[in-house]
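Comments concern the structure below.
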Amino acid sequence: MEHPYVPRDLQLPGYVPVSLSQSTIVGVYGLSSLLVVSLVWLLSGRSRNISKLDSLLMCWWAFTGLTHIVLEGYFAFSPEFYKDKTGFYLAEVWKEYSKGDSRYAGRDSAIVAVEGMTAVLEGPPCLLAVYAIAKGKGYSYILQFAISLGQLYGTFVYFITAILEGDNFSASPFYYYAYYVLANSFWILIPSLIAIRCWKKICLAVQSQSQKKVR
């Protein structure tokens with residue numbers, strides 16, 4: 001079966017085309033993400049001790065944590081997803097996303113390594129960050145800072161390896177900008193803002209502690 005990916009000579013024996021429509025795949029992901037974010041927002045809003053900014057951060061960490069664990073975890077541990085004949089949603093997601101970056105369908109070693117480590121090492125801590133913010137734990141800022149740095153590192157490795165390999169893995173400019181560029185840009189912008197905020201909070205706390213010792 002001929003596949004839609006680039007390069008055209010990419011070998012995918014047993015490839016089964018996407019059975020779900022693009023609108024269905026994107027719609028299900030969007031609705032499920034909205035459900036998670038709405039639930040966290042409503043639950044966090046019931047506490048007077050949680051600011052709106054912290055509620056937004058909890059929504060982000062819940063969303064990105066589940067994305068890492070469920071979506072990226074499935075990819076990392078399902079090497080033959082492109083052969084799926086059942087129309088299983090997670091397999092369909094990666095068949096569709098591979099139109100923007102065929103390294104996923106081709107099981108590029110750098111991609112598998114990054115996604116696997118992200119799912120295992122960053123997914124659970126993201127959910128822990130939701131709990132830490134909700135309970136006002138002292139390790140909340142350093143945890144968020146560490147996860148954000150990990151996300152930035154993984155995203156930069158993702159883009160840089162593509163550039164070094166020729167940056168020619170998309171079926172069309174649409175998939176390139178919609179999937180490869182836009183979808184991944186959030187994991188540069190948001191972690192950067194969170195890391196900066198946490199850095200300031202940590203520095204302020206250390207400075208305050210130092211001033212207390214001087215007194």
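The way I read the labels, and the way they are meant: chains A, B, ... in the order of the structure tokens, residue 1 as the first residue of every chain, and ligand 1 as the first ligand shown, with later ones counted on from there.
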
Please provide the set of residues having any atom within 12 Å of Leu43 in chain A, restricted to only C-alpha atoms, with same-chain residues fewer than 6 positions apart removed, written as a PyMOL selection string.
chain A and resi 36-37+50+52+55-56+58-59+130-131+134

Could you dump the residues just selected with all heavy atoms as a PDB file, in the first residue's frame?
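Saved file part27.pdb follows:
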```pdb
ATOM      1  N   VAL A  36     -10.762  18.183  29.884  1.00  0.00           N
ATOM      2  CA  VAL A  36      -9.772  18.120  30.964  1.00  0.00           C
ATOM      3  C   VAL A  36      -9.533  19.508  31.545  1.00  0.00           C
ATOM      4  O   VAL A  36      -9.552  19.703  32.774  1.00  0.00           O
ATOM      5  CB  VAL A  36      -8.438  17.525  30.454  1.00  0.00           C
ATOM      6  CG1 VAL A  36      -7.334  17.707  31.497  1.00  0.00           C
ATOM      7  CG2 VAL A  36      -8.604  16.055  30.117  1.00  0.00           C
ATOM      8  N   VAL A  37      -9.315  20.485  30.674  1.00  0.00           N
ATOM      9  CA  VAL A  37      -9.037  21.855  31.112  1.00  0.00           C
ATOM     10  C   VAL A  37     -10.227  22.425  31.882  1.00  0.00           C
ATOM     11  O   VAL A  37     -10.062  23.057  32.941  1.00  0.00           O
ATOM     12  CB  VAL A  37      -8.700  22.746  29.903  1.00  0.00           C
ATOM     13  CG1 VAL A  37      -8.696  24.223  30.303  1.00  0.00           C
ATOM     14  CG2 VAL A  37      -7.348  22.360  29.318  1.00  0.00           C
ATOM     15  N   ILE A  50      -6.472  29.486  45.604  1.00  0.00           N
ATOM     16  CA  ILE A  50      -5.832  29.295  44.309  1.00  0.00           C
ATOM     17  C   ILE A  50      -6.177  30.476  43.396  1.00  0.00           C
ATOM     18  O   ILE A  50      -7.355  30.733  43.120  1.00  0.00           O
ATOM     19  CB  ILE A  50      -6.283  27.975  43.648  1.00  0.00           C
ATOM     20  CG1 ILE A  50      -5.934  26.793  44.561  1.00  0.00           C
ATOM     21  CG2 ILE A  50      -5.635  27.807  42.281  1.00  0.00           C
ATOM     22  CD1 ILE A  50      -6.423  25.454  44.031  1.00  0.00           C
ATOM     23  N   LYS A  52      -6.281  32.787  39.877  1.00  0.00           N
ATOM     24  CA  LYS A  52      -6.655  32.442  38.499  1.00  0.00           C
ATOM     25  C   LYS A  52      -5.438  32.010  37.686  1.00  0.00           C
ATOM     26  O   LYS A  52      -5.527  31.115  36.845  1.00  0.00           O
ATOM     27  CB  LYS A  52      -7.353  33.627  37.832  1.00  0.00           C
ATOM     28  CG  LYS A  52      -8.797  33.822  38.274  1.00  0.00           C
ATOM     29  CD  LYS A  52      -9.471  34.922  37.492  1.00  0.00           C
ATOM     30  CE  LYS A  52     -10.983  34.935  37.728  1.00  0.00           C
ATOM     31  NZ  LYS A  52     -11.353  35.015  39.129  1.00  0.00           N
ATOM     32  N   SER A  55      -4.687  28.539  38.599  1.00  0.00           N
ATOM     33  CA  SER A  55      -5.690  27.666  37.978  1.00  0.00           C
ATOM     34  C   SER A  55      -5.338  27.398  36.520  1.00  0.00           C
ATOM     35  O   SER A  55      -5.461  26.266  36.034  1.00  0.00           O
ATOM     36  CB  SER A  55      -7.084  28.304  38.066  1.00  0.00           C
ATOM     37  OG  SER A  55      -7.540  28.339  39.400  1.00  0.00           O
ATOM     38  N   LEU A  56      -4.898  28.446  35.821  1.00  0.00           N
ATOM     39  CA  LEU A  56      -4.484  28.282  34.425  1.00  0.00           C
ATOM     40  C   LEU A  56      -3.279  27.348  34.323  1.00  0.00           C
ATOM     41  O   LEU A  56      -3.208  26.499  33.431  1.00  0.00           O
ATOM     42  CB  LEU A  56      -4.141  29.640  33.814  1.00  0.00           C
ATOM     43  CG  LEU A  56      -5.315  30.552  33.456  1.00  0.00           C
ATOM     44  CD1 LEU A  56      -4.808  31.920  33.020  1.00  0.00           C
ATOM     45  CD2 LEU A  56      -6.164  29.919  32.354  1.00  0.00           C
ATOM     46  N   MET A  58      -2.491  24.981  36.424  1.00  0.00           N
ATOM     47  CA  MET A  58      -2.972  23.627  36.699  1.00  0.00           C
ATOM     48  C   MET A  58      -3.614  23.019  35.452  1.00  0.00           C
ATOM     49  O   MET A  58      -3.427  21.835  35.156  1.00  0.00           O
ATOM     50  CB  MET A  58      -3.970  23.650  37.860  1.00  0.00           C
ATOM     51  CG  MET A  58      -3.342  23.949  39.215  1.00  0.00           C
ATOM     52  SD  MET A  58      -4.571  24.227  40.515  1.00  0.00           S
ATOM     53  CE  MET A  58      -5.317  22.583  40.608  1.00  0.00           C
ATOM     54  N   CYS A  59      -4.357  23.843  34.718  1.00  0.00           N
ATOM     55  CA  CYS A  59      -4.977  23.371  33.469  1.00  0.00           C
ATOM     56  C   CYS A  59      -3.904  22.958  32.464  1.00  0.00           C
ATOM     57  O   CYS A  59      -4.019  21.917  31.803  1.00  0.00           O
ATOM     58  CB  CYS A  59      -5.850  24.472  32.864  1.00  0.00           C
ATOM     59  SG  CYS A  59      -7.357  24.832  33.797  1.00  0.00           S
ATOM     60  N   VAL A 130       0.230  19.652  39.135  1.00  0.00           N
ATOM     61  CA  VAL A 130      -1.161  20.043  39.394  1.00  0.00           C
ATOM     62  C   VAL A 130      -1.448  19.934  40.889  1.00  0.00           C
ATOM     63  O   VAL A 130      -2.009  20.856  41.510  1.00  0.00           O
ATOM     64  CB  VAL A 130      -2.140  19.142  38.598  1.00  0.00           C
ATOM     65  CG1 VAL A 130      -3.584  19.506  38.951  1.00  0.00           C
ATOM     66  CG2 VAL A 130      -1.907  19.284  37.107  1.00  0.00           C
ATOM     67  N   TYR A 131      -1.043  18.819  41.480  1.00  0.00           N
ATOM     68  CA  TYR A 131      -1.240  18.595  42.915  1.00  0.00           C
ATOM     69  C   TYR A 131      -0.438  19.601  43.733  1.00  0.00           C
ATOM     70  O   TYR A 131      -0.948  20.162  44.722  1.00  0.00           O
ATOM     71  CB  TYR A 131      -0.819  17.173  43.264  1.00  0.00           C
ATOM     72  CG  TYR A 131      -0.739  16.896  44.746  1.00  0.00           C
ATOM     73  CD1 TYR A 131      -1.898  16.644  45.483  1.00  0.00           C
ATOM     74  CD2 TYR A 131       0.485  16.912  45.409  1.00  0.00           C
ATOM     75  CE1 TYR A 131      -1.834  16.410  46.856  1.00  0.00           C
ATOM     76  CE2 TYR A 131       0.557  16.673  46.770  1.00  0.00           C
ATOM     77  CZ  TYR A 131      -0.602  16.420  47.491  1.00  0.00           C
ATOM     78  OH  TYR A 131      -0.531  16.188  48.844  1.00  0.00           O
ATOM     79  N   ALA A 134      -2.088  23.003  43.686  1.00  0.00           N
ATOM     80  CA  ALA A 134      -3.351  22.969  44.423  1.00  0.00           C
ATOM     81  C   ALA A 134      -3.125  22.993  45.932  1.00  0.00           C
ATOM     82  O   ALA A 134      -3.871  23.643  46.678  1.00  0.00           O
ATOM     83  CB  ALA A 134      -4.153  21.726  44.030  1.00  0.00           C
TER      84      ALA A 134
END
```

Write out as number ranges by chain which residues come within 12 Å of Gly116 in chain A when counting only C-alpha atoms, dropping same-chain ones fewer than 2 positions away.
A: 68-79, 107, 109-114, 118-123, 154

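CA of Pro173 in chain A to CA of Pro4 in chain A spans 13.6 Å [interatomic distance, one decimal].
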
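Rounded to one decimal, CA of Trp41 in chain A and CA of Ser148 in chain A lie 20.7 Å from each other.
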
Would you pick out the contacts of Phe159 in chain A at 10 Å or less, using only C-alpha atoms, so that residues sharing its chain but fewer than 4 positions from it are not included, and give the list as a VMD selection string?
chain A and resid 154 to 155 163 to 164 167 180 to 181 184

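Going from CA of Leu35 in chain A over to CA of Gly138 in chain A, you cover 28.7 Å.
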
DSSP helix (DSSP H, G or I) selection over range 24-184 of chain A, as a PyMOL selection string
chain A and resi 24-45+52-76+81-83+89-97+109-135+140-164+173-184

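The smallest atom-to-atom distance between Ser102 in chain A and any of A:Thr67, A:Ser44, A:Ser185, A:Ser172, using only C-alpha atoms, is found for A:Ser172.
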
Give me the residues within 10 Å of Thr24 in chain A as an mmCIF file with all heavy atoms, in the first residue's frame, counting only C-alpha atoms and dropping any in the same chain fewer than 4 places off.
```cif
data_model
loop_
_atom_site.group_PDB
_atom_site.id
_atom_site.type_symbol
_atom_site.label_atom_id
_atom_site.label_comp_id
_atom_site.auth_asym_id
_atom_site.auth_seq_id
_atom_site.Cartn_x
_atom_site.Cartn_y
_atom_site.Cartn_z
ATOM 1 N N LEU A 20 -9.967 7.506 9.897
ATOM 2 C CA LEU A 20 -10.735 8.618 10.440
ATOM 3 C C LEU A 20 -10.395 9.899 9.693
ATOM 4 O O LEU A 20 -9.272 10.077 9.234
ATOM 5 C CB LEU A 20 -10.435 8.807 11.929
ATOM 6 C CG LEU A 20 -10.802 7.665 12.874
ATOM 7 C CD1 LEU A 20 -10.414 8.015 14.311
ATOM 8 C CD2 LEU A 20 -12.294 7.352 12.795
ATOM 9 N N VAL A 28 -11.727 15.309 18.199
ATOM 10 C CA VAL A 28 -11.713 14.478 19.411
ATOM 11 C C VAL A 28 -10.623 14.943 20.361
ATOM 12 O O VAL A 28 -10.834 15.041 21.578
ATOM 13 C CB VAL A 28 -11.505 12.988 19.050
ATOM 14 C CG1 VAL A 28 -11.225 12.159 20.302
ATOM 15 C CG2 VAL A 28 -12.727 12.443 18.339
ATOM 16 N N TYR A 29 -9.449 15.237 19.806
ATOM 17 C CA TYR A 29 -8.344 15.724 20.645
ATOM 18 C C TYR A 29 -8.703 17.060 21.280
ATOM 19 O O TYR A 29 -8.462 17.276 22.474
ATOM 20 C CB TYR A 29 -7.075 15.872 19.804
ATOM 21 C CG TYR A 29 -5.880 16.351 20.594
ATOM 22 C CD1 TYR A 29 -5.270 15.543 21.544
ATOM 23 C CD2 TYR A 29 -5.360 17.624 20.387
ATOM 24 C CE1 TYR A 29 -4.175 15.988 22.278
ATOM 25 C CE2 TYR A 29 -4.261 18.084 21.106
ATOM 26 C CZ TYR A 29 -3.677 17.252 22.043
ATOM 27 O OH TYR A 29 -2.602 17.712 22.773
ATOM 28 N N GLY A 30 -9.298 17.948 20.488
ATOM 29 C CA GLY A 30 -9.676 19.259 21.009
ATOM 30 C C GLY A 30 -10.738 19.168 22.090
ATOM 31 O O GLY A 30 -10.635 19.821 23.136
ATOM 32 N N TYR A 89 -8.090 5.083 17.818
ATOM 33 C CA TYR A 89 -7.891 6.532 17.750
ATOM 34 C C TYR A 89 -6.434 6.954 17.857
ATOM 35 O O TYR A 89 -5.961 7.776 17.068
ATOM 36 C CB TYR A 89 -8.717 7.237 18.824
ATOM 37 C CG TYR A 89 -8.483 8.728 18.838
ATOM 38 C CD1 TYR A 89 -9.027 9.531 17.832
ATOM 39 C CD2 TYR A 89 -7.692 9.321 19.812
ATOM 40 C CE1 TYR A 89 -8.793 10.902 17.809
ATOM 41 C CE2 TYR A 89 -7.460 10.686 19.801
ATOM 42 C CZ TYR A 89 -8.007 11.473 18.800
ATOM 43 O OH TYR A 89 -7.753 12.827 18.774
ATOM 44 N N VAL A 93 -4.198 9.067 15.172
ATOM 45 C CA VAL A 93 -3.563 10.357 15.447
ATOM 46 C C VAL A 93 -2.161 10.402 14.860
ATOM 47 O O VAL A 93 -1.786 11.361 14.169
ATOM 48 C CB VAL A 93 -3.488 10.623 16.971
ATOM 49 C CG1 VAL A 93 -2.561 11.813 17.262
ATOM 50 C CG2 VAL A 93 -4.866 10.904 17.535
#
```

Contact check, range 10-92 of chain A to range 139-147 of chain A, at most 12 Å, counting only C-alpha atoms, closest pairs as a Markdown table:
```
| residue | atom | partner | partner_atom | distance |
| --- | --- | --- | --- | --- |
| A:Asp54 | CA | A:Ser140 | CA | 10.8 |
| A:Leu57 | CA | A:Gln144 | CA | 9.5 |
| A:Met58 | CA | A:Gln144 | CA | 10.5 |
| A:Trp60 | CA | A:Gln144 | CA | 11.0 |
| A:Trp61 | CA | A:Gln144 | CA | 8.8 |
| A:Thr64 | CA | A:Ile147 | CA | 10.7 |
| A:Gly65 | CA | A:Ile147 | CA | 10.2 |
| A:His68 | CA | A:Ile147 | CA | 11.8 |
```

Contacts of range 5-19 of chain A at 8 Å or less, counting only C-alpha atoms, minus same-chain residues fewer than 5 places along, as a compact mmCIF listing (two decimals) with N, CA and C atoms, in the first residue's frame?
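Listed below is the output, result-v3.txt:
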```
# COMPACT_ATOMS: atom_id res chain seq x y z
N TYR A 82 1.37 2.26 12.38
CA TYR A 82 0.95 2.53 11.00
C TYR A 82 0.32 1.31 10.33
N LYS A 83 0.39 0.15 11.00
CA LYS A 83 -0.23 -1.08 10.46
C LYS A 83 -1.63 -1.32 11.04
N ASP A 84 -2.05 -0.48 11.96
CA ASP A 84 -3.33 -0.70 12.64
C ASP A 84 -4.50 -0.69 11.66
N LYS A 85 -5.34 -1.71 11.75
CA LYS A 85 -6.49 -1.84 10.86
C LYS A 85 -7.81 -1.58 11.56
N GLY A 87 -8.79 1.13 13.31
CA GLY A 87 -9.24 2.51 13.43
C GLY A 87 -9.06 3.03 14.85
N GLU A 92 -4.55 6.34 14.79
CA GLU A 92 -4.99 7.26 13.75
C GLU A 92 -4.35 8.64 13.92
N LYS A 95 -0.81 8.39 12.56
CA LYS A 95 -0.81 8.26 11.10
C LYS A 95 -1.05 9.63 10.47
N GLU A 96 -1.98 10.39 11.08
CA GLU A 96 -2.30 11.72 10.57
C GLU A 96 -1.16 12.69 10.82
N SER A 98 1.91 12.13 11.14
CA SER A 98 3.09 11.79 10.34
C SER A 98 3.08 12.48 8.99
N LYS A 99 1.93 13.01 8.58
CA LYS A 99 1.88 13.78 7.34
C LYS A 99 2.64 15.09 7.52
N SER A 102 7.13 12.83 8.90
CA SER A 102 7.15 11.39 8.62
C SER A 102 8.17 10.62 9.45
N ALA A 105 6.26 8.03 11.52
CA ALA A 105 5.91 6.78 10.85
C ALA A 105 7.16 5.94 10.61
N GLY A 106 8.28 6.60 10.31
CA GLY A 106 9.52 5.89 10.02
C GLY A 106 10.29 5.48 11.27
N ASN A 168 12.83 17.93 5.59
CA ASN A 168 11.96 17.58 4.47
C ASN A 168 11.17 16.32 4.82
N PHE A 169 10.22 16.49 5.75
CA PHE A 169 9.45 15.35 6.22
C PHE A 169 7.94 15.56 6.17
N SER A 170 7.50 16.65 5.52
CA SER A 170 6.08 16.96 5.49
C SER A 170 5.48 16.71 4.12
N ALA A 171 4.24 16.23 4.12
CA ALA A 171 3.56 15.90 2.87
C ALA A 171 3.18 17.15 2.08
```

Set the distance at 10 Å and use only C-alpha atoms: which residues neighbour Phe156 in chain A once local chain neighbours fewer than 6 positions away are removed? I'd like the list as JSON, numbers by chain.
{"A": [150, 162, 184, 187, 188]}

Can I get the selection written as a PDB file, in the first residue's frame, with N, CA and C atoms?
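Below is the file part27.pdb, written as the result:
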```
ATOM      1  N   GLY A 150      12.835  20.638  30.716  1.00  0.00           N
ATOM      2  CA  GLY A 150      12.797  19.363  29.998  1.00  0.00           C
ATOM      3  C   GLY A 150      11.991  19.460  28.717  1.00  0.00           C
ATOM      4  N   ALA A 162      15.566  17.762  12.950  1.00  0.00           N
ATOM      5  CA  ALA A 162      14.892  17.852  11.651  1.00  0.00           C
ATOM      6  C   ALA A 162      15.684  18.743  10.700  1.00  0.00           C
ATOM      7  N   ASN A 184       3.663  22.363  17.737  1.00  0.00           N
ATOM      8  CA  ASN A 184       4.807  22.221  18.643  1.00  0.00           C
ATOM      9  C   ASN A 184       5.269  23.546  19.242  1.00  0.00           C
ATOM     10  N   TRP A 187       4.860  24.280  22.973  1.00  0.00           N
ATOM     11  CA  TRP A 187       5.784  23.684  23.927  1.00  0.00           C
ATOM     12  C   TRP A 187       7.137  24.413  23.956  1.00  0.00           C
ATOM     13  N   ILE A 188       7.190  25.541  23.255  1.00  0.00           N
ATOM     14  CA  ILE A 188       8.322  26.464  23.399  1.00  0.00           C
ATOM     15  C   ILE A 188       7.857  27.713  24.141  1.00  0.00           C
TER      16      ILE A 188
END
```

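Checking A:Cys198, A:Leu182, A:Phe174, A:Ser192 one by one against Gln151 in chain A, counting only C-alpha atoms, you find the shortest gap at A:Ser192.
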